[in-house]
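One file, model17.cif, carrying mmCIF, C-alpha atoms:
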```cif
data_data
#
loop_
_atom_site.label_atom_id
_atom_site.label_comp_id
_atom_site.auth_asym_id
_atom_site.auth_seq_id
_atom_site.Cartn_x
_atom_site.Cartn_y
_atom_site.Cartn_z
CA MET G 25 125.77 -17.15 45.83
CA SER G 26 127.35 -20.41 46.94
CA GLN G 27 128.26 -22.18 43.72
CA ASP G 28 127.79 -25.66 45.20
CA LYS G 29 124.14 -24.88 45.80
CA ILE G 30 123.40 -23.60 42.29
CA ILE G 31 121.54 -26.06 40.07
CA GLU G 32 121.97 -25.80 36.32
CA PRO G 33 120.97 -22.29 35.16
CA ARG G 34 117.98 -22.07 32.83
CA GLN G 35 116.85 -19.80 30.07
CA VAL G 36 114.42 -17.05 30.96
CA THR G 37 111.11 -18.08 29.40
CA GLY G 38 108.24 -15.84 28.39
CA SER G 39 106.19 -16.91 31.40
CA LYS G 40 108.93 -15.76 33.75
CA PHE G 41 109.13 -12.42 31.97
CA ALA G 42 105.35 -12.18 32.32
CA MET G 43 105.66 -12.71 36.07
CA LEU G 44 108.11 -9.84 36.35
CA ARG G 45 106.04 -7.74 33.93
CA ALA G 46 103.01 -8.12 36.22
CA HIS G 47 104.86 -6.79 39.27
CA PRO G 48 103.55 -3.37 40.37
CA ILE G 49 107.05 -1.91 39.94
CA PHE G 50 107.31 -2.83 36.26
CA CYS G 51 103.73 -3.14 35.04
CA ASP G 52 103.56 0.42 33.65
CA LEU G 53 106.78 0.26 31.64
CA ASP G 54 106.22 0.59 27.91
CA ALA G 55 107.10 -2.39 25.74
CA ASP G 56 110.46 -1.03 24.56
CA ALA G 57 111.58 -0.18 28.08
CA PHE G 58 110.64 -3.61 29.42
CA GLU G 59 112.42 -5.27 26.51
CA GLN G 60 115.54 -3.31 27.45
CA LEU G 61 115.19 -4.39 31.08
CA ALA G 62 114.74 -8.02 30.04
CA ARG G 63 118.18 -7.98 28.39
CA TYR G 64 119.78 -7.43 31.80
CA ILE G 65 118.09 -10.38 33.51
CA LYS G 66 120.13 -13.43 34.46
CA PRO G 67 118.31 -16.55 35.75
CA ALA G 68 119.49 -18.95 38.43
CA VAL G 69 118.02 -22.07 39.98
CA LEU G 70 119.05 -22.68 43.59
CA LYS G 71 118.94 -25.61 45.95
CA ARG G 72 117.33 -25.23 49.35
CA GLY G 73 119.82 -23.69 51.76
CA ALA G 74 121.79 -21.76 49.15
CA SER G 75 123.10 -18.43 50.42
CA ILE G 76 122.02 -15.70 48.00
CA PHE G 77 123.76 -12.97 49.97
CA SER G 78 124.87 -12.31 53.55
CA LYS G 79 124.60 -9.31 55.81
CA GLY G 80 127.45 -6.93 54.98
CA ASP G 81 127.81 -8.08 51.35
CA PRO G 82 127.81 -5.41 48.62
CA GLY G 83 124.33 -4.63 47.32
CA ASN G 84 125.12 -5.41 43.73
CA SER G 85 121.87 -6.94 42.43
CA LEU G 86 118.09 -6.78 42.48
CA ILE G 87 116.43 -10.19 42.68
CA ALA G 88 112.97 -11.48 41.76
CA VAL G 89 111.56 -14.83 42.89
CA VAL G 90 109.99 -16.96 40.17
CA SER G 91 109.26 -20.06 42.24
CA GLY G 92 109.98 -21.26 45.76
CA THR G 93 110.60 -19.09 48.80
CA VAL G 94 113.52 -16.94 49.93
CA LYS G 95 114.12 -16.29 53.64
CA ILE G 96 115.35 -12.89 54.79
CA SER G 97 116.89 -13.25 58.25
CA ILE G 98 119.43 -12.01 60.76
CA SER G 99 121.42 -13.96 63.34
CA SER G 100 123.34 -13.26 66.53
CA PRO G 101 126.85 -14.47 67.44
CA ASP G 102 125.33 -16.97 69.90
CA GLY G 103 123.37 -18.69 67.14
CA ARG G 104 119.94 -17.16 67.62
CA SER G 105 118.13 -16.11 64.46
CA ALA G 106 115.11 -14.09 63.48
CA ILE G 107 113.19 -14.22 60.22
CA LEU G 108 112.35 -10.76 58.92
CA ASN G 109 110.44 -11.85 55.84
CA LEU G 110 109.62 -14.73 53.51
CA ILE G 111 109.69 -13.70 49.86
CA GLY G 112 107.49 -15.72 47.52
CA PRO G 113 106.90 -16.02 43.77
CA GLY G 114 106.26 -12.73 42.02
CA GLU G 115 108.05 -10.65 44.66
CA ILE G 116 111.36 -8.80 44.48
CA PHE G 117 113.96 -8.14 47.17
CA GLY G 118 117.37 -6.58 47.68
CA GLU G 119 116.23 -3.16 46.49
CA VAL G 120 117.45 -1.16 49.51
CA ALA G 121 121.16 -1.89 49.08
CA VAL G 122 120.84 -1.68 45.30
CA LEU G 123 119.41 1.83 45.49
CA ASP G 124 121.62 3.32 48.21
CA GLY G 125 124.83 1.47 47.33
CA GLN G 126 125.39 0.35 50.90
CA ALA G 127 125.92 -3.14 52.31
CA ARG G 128 123.19 -5.74 52.67
CA THR G 129 121.31 -5.42 55.95
CA ALA G 130 120.33 -9.09 56.32
CA ASP G 131 120.95 -12.60 55.00
CA ALA G 132 118.98 -14.01 52.06
CA THR G 133 118.74 -17.80 51.79
CA ALA G 134 116.83 -20.12 49.49
CA ASN G 135 114.21 -21.53 51.87
CA SER G 136 113.31 -24.18 49.29
CA ASN G 137 114.52 -25.09 45.83
CA CYS G 138 113.78 -21.92 43.95
CA GLU G 139 114.20 -20.04 40.70
CA ILE G 140 115.28 -16.42 40.75
CA LEU G 141 115.97 -13.63 38.28
CA VAL G 142 118.97 -11.38 38.96
CA ILE G 143 119.54 -7.86 37.63
CA ASP G 144 122.98 -6.34 38.18
CA ARG G 145 123.08 -2.93 39.88
CA ARG G 146 125.51 -1.56 37.27
CA GLU G 147 122.88 -2.06 34.59
CA PHE G 148 119.80 -1.45 36.69
CA LEU G 149 120.61 2.01 38.08
CA PRO G 150 121.15 3.64 34.66
CA PHE G 151 117.89 2.05 33.56
CA VAL G 152 116.03 3.55 36.54
CA ARG G 153 117.52 6.97 35.78
CA SER G 154 116.12 6.69 32.24
CA GLN G 155 112.64 5.88 33.60
CA PRO G 156 111.68 8.58 36.16
CA ALA G 157 108.30 6.99 36.90
CA LEU G 158 110.13 3.83 37.99
CA ALA G 159 111.87 5.76 40.76
CA MET G 160 108.47 6.71 42.20
CA LYS G 161 107.44 3.07 42.11
CA PHE G 162 110.47 2.17 44.21
CA ILE G 163 109.64 4.91 46.69
CA GLU G 164 106.21 3.31 47.07
CA LEU G 165 107.80 -0.11 47.53
CA LEU G 166 110.17 1.18 50.19
CA CYS G 167 107.26 2.81 52.02
CA ALA G 168 105.39 -0.49 51.95
CA ARG G 169 108.47 -2.26 53.35
CA LEU G 170 108.69 0.31 56.15
CA ARG G 171 105.02 -0.16 57.06
CA TRP G 172 105.50 -3.94 57.07
CA THR G 173 108.51 -3.62 59.36
CA SER G 174 106.69 -1.20 61.67
CA ASP G 175 103.81 -3.64 62.01
CA GLN G 176 106.22 -6.43 62.90
CA VAL G 177 108.02 -4.35 65.52
CA GLU G 178 104.72 -3.21 67.03
CA GLN G 179 103.45 -6.76 67.36
CA VAL G 180 106.67 -8.12 68.86
CA ILE G 181 106.93 -5.31 71.43
CA LEU G 182 103.30 -4.75 72.37
CA GLN G 183 101.38 -7.99 71.82
CA ASP G 184 101.26 -11.31 73.61
CA LEU G 185 101.87 -14.63 71.88
CA PRO G 186 98.34 -15.13 70.45
CA GLY G 187 98.37 -11.60 69.03
CA ARG G 188 101.85 -11.98 67.53
CA LEU G 189 101.05 -15.35 65.99
CA ALA G 190 97.67 -14.26 64.61
CA GLY G 191 99.25 -11.13 63.13
CA ALA G 192 102.02 -13.15 61.48
CA LEU G 193 99.54 -15.57 59.90
CA ILE G 194 97.42 -12.68 58.61
CA ARG G 195 100.44 -10.88 57.11
CA LEU G 196 101.68 -14.05 55.40
CA THR G 197 98.21 -14.76 54.03
CA GLU G 198 97.92 -11.25 52.62
CA ARG G 199 101.47 -11.04 51.30
CA HIS G 200 101.32 -14.35 49.50
CA LYS G 201 97.83 -13.70 48.18
CA ALA G 202 96.52 -17.07 49.24
CA ALA G 203 93.29 -18.02 47.53
CA LYS G 204 90.07 -17.41 49.46
CA ASP G 205 89.16 -21.09 49.55
CA SER G 206 92.69 -22.29 50.33
CA ARG G 207 94.70 -20.01 52.58
CA THR G 208 97.71 -22.32 52.69
CA ILE G 209 100.93 -20.76 54.01
CA ALA G 210 104.08 -22.73 53.21
CA VAL G 211 105.84 -22.11 56.52
CA THR G 212 107.08 -24.37 59.30
CA GLN G 213 106.38 -23.85 62.99
CA GLN G 214 110.10 -23.24 63.55
CA GLU G 215 110.04 -20.47 60.96
CA ILE G 216 106.97 -18.92 62.56
CA SER G 217 108.72 -19.01 65.93
CA GLU G 218 111.67 -17.12 64.45
CA MET G 219 109.30 -14.55 62.98
CA VAL G 220 107.43 -13.76 66.19
CA GLY G 221 110.24 -14.28 68.71
CA MET G 222 108.69 -17.12 70.70
CA SER G 223 109.69 -20.75 71.23
CA ARG G 224 108.56 -23.44 68.82
CA GLU G 225 106.88 -25.27 71.70
CA SER G 226 104.75 -22.22 72.52
CA ILE G 227 103.85 -21.78 68.85
CA ASN G 228 102.85 -25.42 68.55
CA LYS G 229 100.66 -25.26 71.66
CA GLN G 230 98.82 -22.18 70.41
CA LEU G 231 98.35 -23.53 66.89
CA ARG G 232 96.94 -26.79 68.25
CA ALA G 233 94.48 -24.84 70.39
CA TRP G 234 93.31 -22.97 67.27
CA SER G 235 93.23 -26.22 65.33
CA THR G 236 90.71 -27.70 67.78
CA ARG G 237 88.48 -24.67 67.06
CA ASN G 238 88.90 -25.26 63.29
CA TRP G 239 90.52 -21.86 62.80
CA VAL G 240 93.65 -23.42 61.29
CA ARG G 241 94.76 -26.79 59.98
CA LEU G 242 98.31 -28.01 60.52
CA GLU G 243 100.02 -29.76 57.62
CA HIS G 244 103.57 -30.93 57.04
CA GLY G 245 105.56 -27.77 56.33
CA ALA G 246 102.43 -25.62 56.05
CA ILE G 247 99.60 -23.96 57.96
CA VAL G 248 96.14 -23.59 56.44
CA VAL G 249 94.08 -20.65 57.71
CA LEU G 250 90.46 -21.81 57.79
CA GLU G 251 88.85 -18.89 59.63
CA LEU G 252 90.45 -15.48 59.21
CA GLU G 253 88.02 -13.37 61.25
CA PRO G 254 88.84 -14.74 64.73
CA LEU G 255 92.55 -14.32 64.02
CA GLN G 256 91.91 -10.72 62.96
CA GLU G 257 90.08 -10.10 66.21
CA ILE G 258 92.95 -11.54 68.25
CA ALA G 259 95.51 -9.51 66.31
CA GLY G 260 93.43 -6.37 66.63
CA THR G 261 93.20 -6.15 62.84
CA ALA G 262 90.08 -4.68 61.28
CA ALA G 263 88.28 -7.22 59.13
CA GLN G 264 88.96 -6.75 55.45
CA ASP G 265 86.96 -7.81 52.44
CA ASP G 266 88.41 -10.93 50.87
#
```
Step by step, read the file and then write its structure as structure tokens.
Amino acid sequence: MSQDKIIEPRQVTGSKFAMLRAHPIFCDLDADAFEQLARYIKPAVLKRGASIFSKGDPGNSLIAVVSGTVKISISSPDGRSAILNLIGPGEIFGEVAVLDGQARTADATANSNCEILVIDRREFLPFVRSQPALAMKFIELLCARLRWTSDQVEQVILQDLPGRLAGALIRLTERHKAAKDSRTIAVTQQEISEMVGMSRESINKQLRAWSTRNWVRLEHGAIVVLELEPLQEIAGTAAQDD
């Protein structure tokens, strides 16, 4: 991580441990095992724009987000970029390179001021080997990541702009578990454009059309989904119970 972007490190409080404890990967660990894991955790507080790791870096740590948002992205030599994912509070990332020992496959950047918890691979892998059920949890996580990526690729290749945009809003709403009465997604229109592979101008035009129908509300740095069902119909997504 870029040292000039690191704010003063903080102690790991009980509430932050509770956040990690509630994650589906770690929720079934017994108390002694989780206490052992907690000894390996190192906290960091990052400024917006801090590079957490870059594509090609060694995969030497697993990272959990406590607050803020982390952007997972790739870029081309000519300056174009694509956002693969936005990781929010309560989520973990970096597990692929940690588990297979290969290089990072994308860049991770603090998309806002954020707090993270870092677990070094040298301590984490022996811990996983001592907890066989944890390995199965990571297999489930990797499968979920693959399904998420497949959905993204399908939408970018096969759908038009309204379908891509509706699908992206639905995925972000579901992933970040927005409350039923306030589906607020902390994402800019530029970030959405980099997620769906369309220009910001096209994204803005489509969002404004949906805004006039009261399907979404545009706020500074955020999009509020007011009506999920019409977006599901556009994206070809079966309606789900809230």
Distance in Å - CA of Glu251 (chain G) versus CA of Asp184 (chain G) =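 So the answer is 20.2 Å.
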Students should find that CA of Ile87 (chain G) and CA of Lys40 (chain G) are spaced 12.9 Å
Explicit residues for the PyMOL selection byres ((chain G and resi 252) around 9) (as a tab-separated table (two decimals) with C-alpha atoms, in the coordinates of the input):
```tsv
chain	number	residue	atom	x	y	z
G	194	ILE	CA	97.42	-12.68	58.61
G	239	TRP	CA	90.52	-21.86	62.80
G	240	VAL	CA	93.65	-23.42	61.29
G	249	VAL	CA	94.08	-20.65	57.71
G	250	LEU	CA	90.46	-21.81	57.79
G	251	GLU	CA	88.85	-18.89	59.63
G	253	GLU	CA	88.02	-13.37	61.25
G	254	PRO	CA	88.84	-14.74	64.73
G	255	LEU	CA	92.55	-14.32	64.02
G	256	GLN	CA	91.91	-10.72	62.96
G	257	GLU	CA	90.08	-10.10	66.21
G	263	ALA	CA	88.28	-7.22	59.13
```
What residues come out when you apply the PyMOL selection byres ((chain G and resi 108) around 7) to this file, written as a list in words?
->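 Output from the PyMOL selection byres ((chain G and resi 108) around 7), applied to this file: Ile96, Ser97, Ala106, Ile107, Asn109 and Met219 of chain G.
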Spatial neighbours of Thr93 (chain G), 7 Å, all atoms listed in the file, chain gap at least 4 places, as number ranges by chain | G: 110-113, 134-136, 138
Proximity to Ala210 (chain G) - best of G:Ile247, G:Met43, G:Met222, G:Ile76, all atoms listed in the file |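 The answer is G:Ile247, which sits nearest to Ala210 (chain G).
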Return the single residue from G:Ala168, G:Leu70, G:Val152, G:Ala130 that is closest to Phe58 (chain G), with distances computed using all atoms listed in the file.
->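 Among G:Ala168, G:Leu70, G:Val152, G:Ala130, it is G:Val152 that comes nearest to Phe58 (chain G).
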Within 7 Å of Val142 (chain G), counting only C-alpha atoms, which residues qualify if same-chain residues fewer than 3 places away don't, as a CSV table (one decimal) with C-alpha atoms, keeping the file's coordinate frame?
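And here's part39.csv as it stands now:
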```csv
chain,number,residue,atom,x,y,z
G,65,ILE,CA,118.1,-10.4,33.5
G,66,LYS,CA,120.1,-13.4,34.5
G,67,PRO,CA,118.3,-16.6,35.8
G,85,SER,CA,121.9,-6.9,42.4
G,86,LEU,CA,118.1,-6.8,42.5
G,87,ILE,CA,116.4,-10.2,42.7
G,88,ALA,CA,113.0,-11.5,41.8
```
Looking at all atoms listed in the file, which of G:Glu119, G:Glu147, G:Glu139, G:Glu59 is the one that sits closest to Val89 (chain G)?
->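 Of all the options, G:Glu139 lies closest to Val89 (chain G).
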Where does the PyMOL selection byres ((chain G and resi 158) around 12) land in this file, that is, which residues does it pick, as number ranges by chain?
-> G: 47-54, 57-58, 61, 148-157, 159-165
Rank G:Ser174, G:Gly103, G:Leu182, G:Asp81 by their smallest atom-to-atom distance to Ala132 (chain G), using all atoms listed in the file, and report the top residue only.
->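 Going through G:Ser174, G:Gly103, G:Leu182, G:Asp81 one by one, the smallest distance to Ala132 (chain G) is for G:Asp81.
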Please write out, as AutoDock Vina command-line options, where the centre of an axis-aligned box around all listed atoms of region 134-152 of chain G lies and how long its edges are, in Å to one decimal, after adding 3 Å on each side.
```
--center_x 119.4 --center_y -10.7 --center_z 42.7 --size_x 18.2 --size_y 34.7 --size_z 24.3
```
Which one of G:Arg237, G:Lys95, G:Arg63, G:Arg232 sits closest to Phe117 (chain G) if you count all atoms listed in the file?
-> G:Lys95
Would you work out the distance separating CA of Ala190 (chain G) from CA of Gly92 (chain G), expressed in Å to one decimal?
->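 Distance between the two atoms: 23.6 Å.
Between Thr197 (chain G) and the residues G:Ile140, G:Val90, G:Val211, G:Val180, the shortest atom-to-atom distance, using only C-alpha atoms, involves G:Val211.
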Gln176 (chain G): which residues within 9 Å, counting all atoms listed in the file, same-chain residues fewer than 4 positions away excluded, as a VMD selection string?
-> chain G and resid 108 171 to 172 180 to 181 188 191 to 192 219 to 220
If you count all atoms listed in the file, which residues fall within 8 Å of Thr212 (chain G), apart from same-chain ones fewer than 4 positions away, as JSON, numbers by chain?
-> {"G": [216, 244, 245, 246, 247]}
Could the residues in this selection be written to a file with C-alpha atoms, as a PDB file, in the frame of the given file?
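Result saved to out.pdb:
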```pdb
ATOM      1  CA  ILE G 216     106.970 -18.920  62.560  1.00  0.00           C
ATOM      2  CA  HIS G 244     103.570 -30.930  57.040  1.00  0.00           C
ATOM      3  CA  GLY G 245     105.560 -27.770  56.330  1.00  0.00           C
ATOM      4  CA  ALA G 246     102.430 -25.620  56.050  1.00  0.00           C
ATOM      5  CA  ILE G 247      99.600 -23.960  57.960  1.00  0.00           C
TER       6      ILE G 247
END
```
Contact residues around Pro82 (chain G) with only C-alpha atoms at 10 Å, ignoring same-chain residues under 5 positions, as a ChimeraX atom specification = /G:77,121-122,125-129
